[in-house]
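A.B. asks: Dropping in my_file-v7.cif, which is mmCIF, C-alpha atoms:
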```
data_start
#
loop_
_atom_site.group_PDB
_atom_site.id
_atom_site.type_symbol
_atom_site.label_atom_id
_atom_site.label_comp_id
_atom_site.auth_asym_id
_atom_site.auth_seq_id
_atom_site.Cartn_x
_atom_site.Cartn_y
_atom_site.Cartn_z
ATOM 1 C CA MET X 1 75.369 100.443 108.461
ATOM 2 C CA PHE X 2 78.047 101.667 106.036
ATOM 3 C CA SER X 3 79.952 104.786 105.034
ATOM 4 C CA ILE X 4 80.740 105.756 101.433
ATOM 5 C CA ILE X 5 84.030 107.621 101.091
ATOM 6 C CA ILE X 6 84.570 109.766 97.982
ATOM 7 C CA PRO X 7 87.774 111.827 97.574
ATOM 8 C CA LEU X 8 87.408 114.782 95.202
ATOM 9 C CA PHE X 9 89.817 116.985 93.322
ATOM 10 C CA ASN X 10 88.308 119.259 90.661
ATOM 11 C CA GLU X 11 85.184 117.157 90.112
ATOM 12 C CA ALA X 12 82.566 119.937 90.247
ATOM 13 C CA LYS X 13 80.889 118.768 87.038
ATOM 14 C CA ASN X 14 80.790 115.085 88.013
ATOM 15 C CA ILE X 15 79.788 114.922 91.666
ATOM 16 C CA ASP X 16 76.151 116.065 91.482
ATOM 17 C CA LYS X 17 75.176 113.301 89.033
ATOM 18 C CA LEU X 18 77.191 110.740 90.999
ATOM 19 C CA ILE X 19 75.373 111.544 94.257
ATOM 20 C CA LYS X 20 72.011 111.254 92.511
ATOM 21 C CA GLU X 21 73.017 107.826 91.170
ATOM 22 C CA ILE X 22 74.149 106.704 94.619
ATOM 23 C CA ASN X 23 70.845 107.779 96.202
ATOM 24 C CA PHE X 24 68.853 106.032 93.482
ATOM 25 C CA ASN X 25 70.775 102.748 93.569
ATOM 26 C CA LEU X 26 70.948 102.574 97.367
ATOM 27 C CA ASN X 27 67.309 103.480 97.927
ATOM 28 C CA LYS X 28 66.601 100.247 99.826
ATOM 29 C CA TYR X 29 69.332 100.990 102.387
ATOM 30 C CA LYS X 30 68.496 103.426 105.168
ATOM 31 C CA ASN X 31 71.457 103.620 107.530
ATOM 32 C CA TYR X 32 74.390 104.934 105.544
ATOM 33 C CA GLU X 33 76.390 108.115 105.162
ATOM 34 C CA VAL X 34 78.328 109.651 102.286
ATOM 35 C CA ILE X 35 81.544 111.476 103.131
ATOM 36 C CA LEU X 36 82.869 113.846 100.466
ATOM 37 C CA ILE X 37 86.450 115.039 100.890
ATOM 38 C CA ASP X 38 87.491 118.047 98.826
ATOM 39 C CA ASP X 39 91.243 117.829 98.304
ATOM 40 C CA ALA X 40 91.810 121.586 97.948
ATOM 41 C CA SER X 41 90.143 121.738 94.526
ATOM 42 C CA THR X 42 90.783 124.782 92.332
ATOM 43 C CA ASP X 43 87.385 124.648 90.627
ATOM 44 C CA ASP X 44 83.878 124.881 92.159
ATOM 45 C CA THR X 45 83.940 121.428 93.778
ATOM 46 C CA PHE X 46 83.641 122.720 97.356
ATOM 47 C CA ILE X 47 80.802 125.081 96.448
ATOM 48 C CA THR X 48 79.002 122.261 94.627
ATOM 49 C CA ILE X 49 79.261 119.697 97.408
ATOM 50 C CA ASN X 50 78.151 122.189 100.044
ATOM 51 C CA LYS X 51 74.892 122.512 98.130
ATOM 52 C CA LEU X 52 74.517 118.716 98.432
ATOM 53 C CA LYS X 53 75.056 118.652 102.191
ATOM 54 C CA SER X 54 72.325 116.807 104.099
ATOM 55 C CA GLU X 55 71.822 114.446 107.041
ATOM 56 C CA LYS X 56 73.434 111.668 105.008
ATOM 57 C CA ILE X 57 76.172 113.716 103.366
ATOM 58 C CA LYS X 58 79.162 114.911 105.373
ATOM 59 C CA ILE X 59 81.594 117.450 103.879
ATOM 60 C CA LEU X 60 85.330 117.558 104.654
ATOM 61 C CA LYS X 61 87.966 119.830 103.133
ATOM 62 C CA ASN X 62 91.770 119.690 102.977
ATOM 63 C CA THR X 63 93.431 123.102 103.282
ATOM 64 C CA LYS X 64 96.196 121.828 100.970
ATOM 65 C CA ASN X 65 96.193 119.220 98.212
ATOM 66 C CA LYS X 66 97.166 116.047 100.093
ATOM 67 C CA GLY X 67 96.314 113.354 97.562
ATOM 68 C CA GLN X 68 93.837 110.516 97.312
ATOM 69 C CA SER X 69 95.217 108.335 100.112
ATOM 70 C CA TYR X 70 95.166 111.133 102.666
ATOM 71 C CA SER X 71 91.620 112.110 101.688
ATOM 72 C CA ILE X 72 90.389 108.522 101.950
ATOM 73 C CA TYR X 73 92.102 108.052 105.311
ATOM 74 C CA LYS X 74 90.625 111.319 106.588
ATOM 75 C CA GLY X 75 87.149 110.274 105.456
ATOM 76 C CA ILE X 76 87.391 106.819 107.013
ATOM 77 C CA SER X 77 88.733 108.243 110.279
ATOM 78 C CA SER X 78 85.676 110.479 110.565
ATOM 79 C CA SER X 79 83.184 107.804 109.505
ATOM 80 C CA LEU X 80 80.576 106.379 111.879
ATOM 81 C CA ASN X 81 80.117 102.859 110.507
ATOM 82 C CA LYS X 82 81.990 99.555 110.575
ATOM 83 C CA ILE X 83 81.705 98.993 106.821
ATOM 84 C CA ILE X 84 83.524 101.259 104.370
ATOM 85 C CA ILE X 85 82.798 101.672 100.667
ATOM 86 C CA THR X 86 85.211 103.674 98.513
ATOM 87 C CA LEU X 87 84.771 104.945 94.972
ATOM 88 C CA ASP X 88 86.165 107.696 92.765
ATOM 89 C CA GLY X 89 84.417 111.007 92.313
ATOM 90 C CA ASP X 90 84.898 111.127 88.534
ATOM 91 C CA GLY X 91 81.868 108.958 87.754
ATOM 92 C CA GLN X 92 83.822 106.107 86.170
ATOM 93 C CA ASN X 93 82.814 103.713 88.960
ATOM 94 C CA ASP X 94 79.156 102.741 88.527
ATOM 95 C CA PRO X 95 77.003 103.079 91.697
ATOM 96 C CA LYS X 96 74.840 100.252 90.340
ATOM 97 C CA ASP X 97 77.638 97.897 91.394
ATOM 98 C CA ILE X 98 77.651 98.995 95.030
ATOM 99 C CA PRO X 99 74.708 96.765 96.139
ATOM 100 C CA LYS X 100 76.304 93.770 94.398
ATOM 101 C CA LEU X 101 79.598 94.141 96.247
ATOM 102 C CA LEU X 102 77.883 95.029 99.499
ATOM 103 C CA GLU X 103 75.589 91.983 99.469
ATOM 104 C CA HIS X 104 78.571 89.690 98.822
ATOM 105 C CA TYR X 105 80.372 91.299 101.738
ATOM 106 C CA LEU X 106 77.405 91.009 104.103
ATOM 107 C CA SER X 107 76.709 87.381 103.184
ATOM 108 C CA GLN X 108 80.236 86.120 103.942
ATOM 109 C CA ASP X 109 81.530 86.904 107.430
ATOM 110 C CA SER X 110 85.004 85.544 106.728
ATOM 111 C CA ILE X 111 85.664 88.019 103.893
ATOM 112 C CA LYS X 112 86.916 91.409 105.047
ATOM 113 C CA LEU X 113 87.475 93.099 101.686
ATOM 114 C CA ILE X 114 85.621 92.823 98.391
ATOM 115 C CA GLY X 115 87.025 94.747 95.453
ATOM 116 C CA GLY X 116 85.856 95.500 91.948
ATOM 117 C CA ILE X 117 87.647 94.314 88.832
ATOM 118 C CA ARG X 118 87.040 96.708 85.947
ATOM 119 C CA LYS X 119 85.977 94.954 82.748
ATOM 120 C CA LYS X 120 86.128 96.718 79.378
ATOM 121 C CA ARG X 121 87.892 99.734 80.823
ATOM 122 C CA LYS X 122 87.036 103.096 79.280
ATOM 123 C CA ASP X 123 90.486 104.679 79.586
ATOM 124 C CA THR X 124 93.262 105.654 77.200
ATOM 125 C CA LEU X 125 95.411 102.861 75.765
ATOM 126 C CA ILE X 126 98.533 104.059 77.575
ATOM 127 C CA LYS X 127 96.690 104.168 80.909
ATOM 128 C CA ILE X 128 95.263 100.676 80.418
ATOM 129 C CA THR X 129 98.638 99.256 79.339
ATOM 130 C CA SER X 130 100.599 100.834 82.186
ATOM 131 C CA SER X 131 97.964 99.663 84.644
ATOM 132 C CA LYS X 132 98.182 96.059 83.380
ATOM 133 C CA ILE X 133 101.957 96.080 83.730
ATOM 134 C CA ALA X 134 101.774 97.563 87.235
ATOM 135 C CA ASN X 135 99.103 95.061 88.293
ATOM 136 C CA TYR X 136 101.169 92.139 87.002
ATOM 137 C CA VAL X 137 104.362 93.240 88.758
ATOM 138 C CA ARG X 138 102.514 93.996 91.980
ATOM 139 C CA SER X 139 100.632 90.681 92.015
ATOM 140 C CA GLN X 140 103.855 88.756 91.427
ATOM 141 C CA LEU X 141 105.690 90.508 94.251
ATOM 142 C CA LEU X 142 102.894 90.862 96.801
ATOM 143 C CA LYS X 143 100.791 87.764 95.986
ATOM 144 C CA ASP X 144 97.559 89.663 96.642
ATOM 145 C CA ASN X 145 95.438 87.644 94.167
ATOM 146 C CA CYS X 146 94.046 90.881 92.713
ATOM 147 C CA LYS X 147 94.082 91.609 88.980
ATOM 148 C CA ASP X 148 93.021 95.244 89.344
ATOM 149 C CA THR X 149 93.978 96.926 92.592
ATOM 150 C CA GLY X 150 93.500 100.305 90.873
ATOM 151 C CA CYS X 151 89.722 99.954 90.889
ATOM 152 C CA SER X 152 88.561 102.339 93.617
ATOM 153 C CA LEU X 153 85.253 100.564 94.195
ATOM 154 C CA LYS X 154 85.854 98.457 97.305
ATOM 155 C CA VAL X 155 83.961 97.337 100.403
ATOM 156 C CA PHE X 156 85.977 96.577 103.533
ATOM 157 C CA ASN X 157 86.216 96.554 107.312
ATOM 158 C CA ARG X 158 86.943 99.968 108.838
ATOM 159 C CA LYS X 159 88.663 98.693 111.996
ATOM 160 C CA ILE X 160 91.110 96.539 110.047
ATOM 161 C CA PHE X 161 91.961 99.391 107.676
ATOM 162 C CA LEU X 162 92.848 101.639 110.598
ATOM 163 C CA GLU X 163 95.258 98.984 111.904
ATOM 164 C CA PHE X 164 97.511 99.421 108.865
ATOM 165 C CA PRO X 165 100.457 101.845 109.027
ATOM 166 C CA TYR X 166 99.399 104.850 106.959
ATOM 167 C CA PHE X 167 101.430 105.955 103.932
ATOM 168 C CA ASP X 168 100.694 108.039 100.863
ATOM 169 C CA GLY X 169 99.529 105.466 98.312
ATOM 170 C CA ILE X 170 97.947 103.029 100.763
ATOM 171 C CA HIS X 171 94.630 102.993 98.860
ATOM 172 C CA ARG X 172 96.281 101.142 95.943
ATOM 173 C CA PHE X 173 97.560 98.340 98.181
ATOM 174 C CA LEU X 174 94.540 97.429 100.265
ATOM 175 C CA PRO X 175 94.189 93.899 98.786
ATOM 176 C CA ALA X 176 97.852 93.168 99.598
ATOM 177 C CA LEU X 177 97.538 94.565 103.126
ATOM 178 C CA PHE X 178 94.310 92.725 103.968
ATOM 179 C CA ASN X 179 95.691 89.514 102.507
ATOM 180 C CA GLY X 180 99.090 89.981 104.146
ATOM 181 C CA TYR X 181 97.486 90.517 107.544
ATOM 182 C CA GLY X 182 95.676 87.192 107.180
ATOM 183 C CA TYR X 183 92.215 88.392 106.128
ATOM 184 C CA LYS X 184 90.239 86.878 103.261
ATOM 185 C CA THR X 185 89.535 88.962 100.169
ATOM 186 C CA LYS X 186 87.342 88.529 97.105
ATOM 187 C CA PHE X 187 87.100 90.308 93.752
ATOM 188 C CA ILE X 188 84.095 90.754 91.465
ATOM 189 C CA SER X 189 83.747 92.149 87.945
ATOM 190 C CA VAL X 190 82.229 95.635 87.809
ATOM 191 C CA ASN X 191 81.256 98.151 85.168
ATOM 192 C CA HIS X 192 83.603 100.948 84.115
ATOM 193 C CA ARG X 193 82.488 104.151 82.417
ATOM 194 C CA LYS X 194 84.075 106.934 80.412
ATOM 195 C CA ARG X 195 84.950 110.115 82.218
ATOM 196 C CA LYS X 196 82.491 112.776 81.041
ATOM 197 C CA PHE X 197 84.137 115.877 82.510
ATOM 198 C CA GLY X 198 87.631 116.798 83.624
ATOM 199 C CA VAL X 199 90.886 114.916 83.216
ATOM 200 C CA SER X 200 92.757 112.180 85.061
ATOM 201 C CA LYS X 201 94.875 113.615 87.871
ATOM 202 C CA TYR X 202 97.696 111.070 87.745
ATOM 203 C CA GLY X 203 100.760 111.074 85.480
ATOM 204 C CA THR X 204 101.812 107.656 84.194
ATOM 205 C CA LEU X 205 105.585 107.908 84.766
ATOM 206 C CA LYS X 206 105.245 109.571 88.159
ATOM 207 C CA ARG X 207 102.725 106.955 89.264
ATOM 208 C CA LEU X 208 104.979 104.135 88.042
ATOM 209 C CA TYR X 209 107.956 105.426 90.033
ATOM 210 C CA LYS X 210 105.881 105.990 93.148
ATOM 211 C CA GLY X 211 104.243 102.589 92.753
ATOM 212 C CA ILE X 212 107.633 100.874 92.899
ATOM 213 C CA ILE X 213 108.586 102.769 96.059
ATOM 214 C CA ASP X 214 105.229 101.945 97.635
ATOM 215 C CA MET X 215 105.561 98.245 96.773
ATOM 216 C CA ILE X 216 108.873 98.131 98.618
ATOM 217 C CA ARG X 217 107.203 99.835 101.578
ATOM 218 C CA VAL X 218 104.339 97.302 101.610
ATOM 219 C CA ILE X 219 106.784 94.386 101.443
ATOM 220 C CA LYS X 220 108.529 95.777 104.538
ATOM 221 C CA ILE X 221 105.199 96.308 106.350
ATOM 222 C CA LEU X 222 104.109 92.712 105.692
ATOM 223 C CA LYS X 223 107.532 91.359 106.608
ATOM 224 C CA ASN X 224 107.442 93.178 109.964
ATOM 225 C CA LYS X 225 103.899 91.929 110.545
ATOM 226 C CA LYS X 226 105.010 88.320 110.138
#
```
Translate the structure of the given file into structure tokens.
C.D. replies:
Amino acid sequence: MFSIIIPLFNEAKNIDKLIKEINFNLNKYKNYEVILIDDASTDDTFITINKLKSEKIKILKNTKNKGQSYSIYKGISSSLNKIIITLDGDGQNDPKDIPKLLEHYLSQDSIKLIGGIRKKRKDTLIKITSSKIANYVRSQLLKDNCKDTGCSLKVFNRKIFLEFPYFDGIHRFLPALFNGYGYKTKFISVNHRKRKFGVSKYGTLKRLYKGIIDMIRVIKILKNKK
């Protein structure tokens, strides 16, 4: 029915609890798989997820650190279902919100992507501020109607995703790509939690610079599509 894609980099202390929460909150669903992609972690992430391996849980591993976009793309490419759900492996996305987004997606055939909008974010002030600025600039340039493209919790169509030209950073521009390709999108408020273990893997200045380059790339992709 659906595949849950979770990229991981040094999340050994977070992933076990997250999987338990996913199993608990998705108890009523039978036909789904969870794909965990270890992005060449330097802690015990790969050891931990191998202990979780089951009929529903598939394990993938990058031999080198390739980043979040590559890991998500790799997971989706190996998935078996038409519906994709993505979320972070740090536990900040709340699995309780998955059924809410999924039911909205299943009840509206015309909508091909439903994304979460994080309310009352539990991040540092500088991260929240930089994210708001980036979201404003992006929404003005790309007209994607999304206030929070950085929220990893999304439900979308696998086939459409695989039509997009791949680039490193694509996971942050899915609303713009779906919208730009003529597909309807919708966004719903979701919970956001504090990170309990580990640290954020993304530097603010580096992400800002890369975000600008990626926005230019997306503009060109959508222009060529039209």
A.B. asks: Kindly resolve the PyMOL selection byres ((chain X and resi 9) around 6) on the present coordinates and return the residues as a PyMOL selection string.
C.D. replies: chain X and resi 8+10-11+39+41
A.B. asks: Take the selection from the previous step and output its residues with C-alpha atoms, as a PDB file, in the coordinates of the input.
C.D. replies:
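selection.pdb, freshly written:
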```pdb
ATOM      1  CA  LEU X   8      87.408 114.782  95.202  1.00  0.00           C
ATOM      2  CA  ASN X  10      88.308 119.259  90.661  1.00  0.00           C
ATOM      3  CA  GLU X  11      85.184 117.157  90.112  1.00  0.00           C
ATOM      4  CA  ASP X  39      91.243 117.829  98.304  1.00  0.00           C
ATOM      5  CA  SER X  41      90.143 121.738  94.526  1.00  0.00           C
TER       6      SER X  41
END
```
A.B. asks: What is the CA of Phe2 in chain X to CA of Arg195 in chain X distance in Å?
C.D. replies: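 Computed distance, CA of Phe2 in chain X to CA of Arg195 in chain X, equals 26.2 Å.
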A.B. asks: With distances taken over only C-alpha atoms, which of X:Tyr181, X:Phe197, X:Phe156, X:Phe167 is nearest to Gln68 in chain X?
C.D. replies: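 Closest residue, counting only C-alpha atoms: X:Phe167.
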A.B. asks: Please compute the CA of Gly75 in chain X-CA of Ile5 in chain X distance, one decimal, in Å.
C.D. replies: 6.0 Å
A.B. asks: Grab the CA of Lys154 in chain X to CA of Asn62 in chain X distance for me, in Å with one decimal place.
C.D. replies: 22.8 Å
A.B. asks: Please write the residues picked by the PyMOL selection byres ((chain X and resi 12) around 7) on this file as a short mmCIF file (atom, residue, chain, number, x, y, z; two decimals) with C-alpha atoms, in the frame of the given file.
C.D. replies:
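For reference, result.cif as written:
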```
data_model
loop_
_atom_site.label_atom_id
_atom_site.label_comp_id
_atom_site.auth_asym_id
_atom_site.auth_seq_id
_atom_site.Cartn_x
_atom_site.Cartn_y
_atom_site.Cartn_z
CA ASN X 10 88.31 119.26 90.66
CA GLU X 11 85.18 117.16 90.11
CA LYS X 13 80.89 118.77 87.04
CA ASN X 14 80.79 115.08 88.01
CA ILE X 15 79.79 114.92 91.67
CA ASP X 43 87.38 124.65 90.63
CA ASP X 44 83.88 124.88 92.16
CA THR X 45 83.94 121.43 93.78
CA THR X 48 79.00 122.26 94.63
#
```
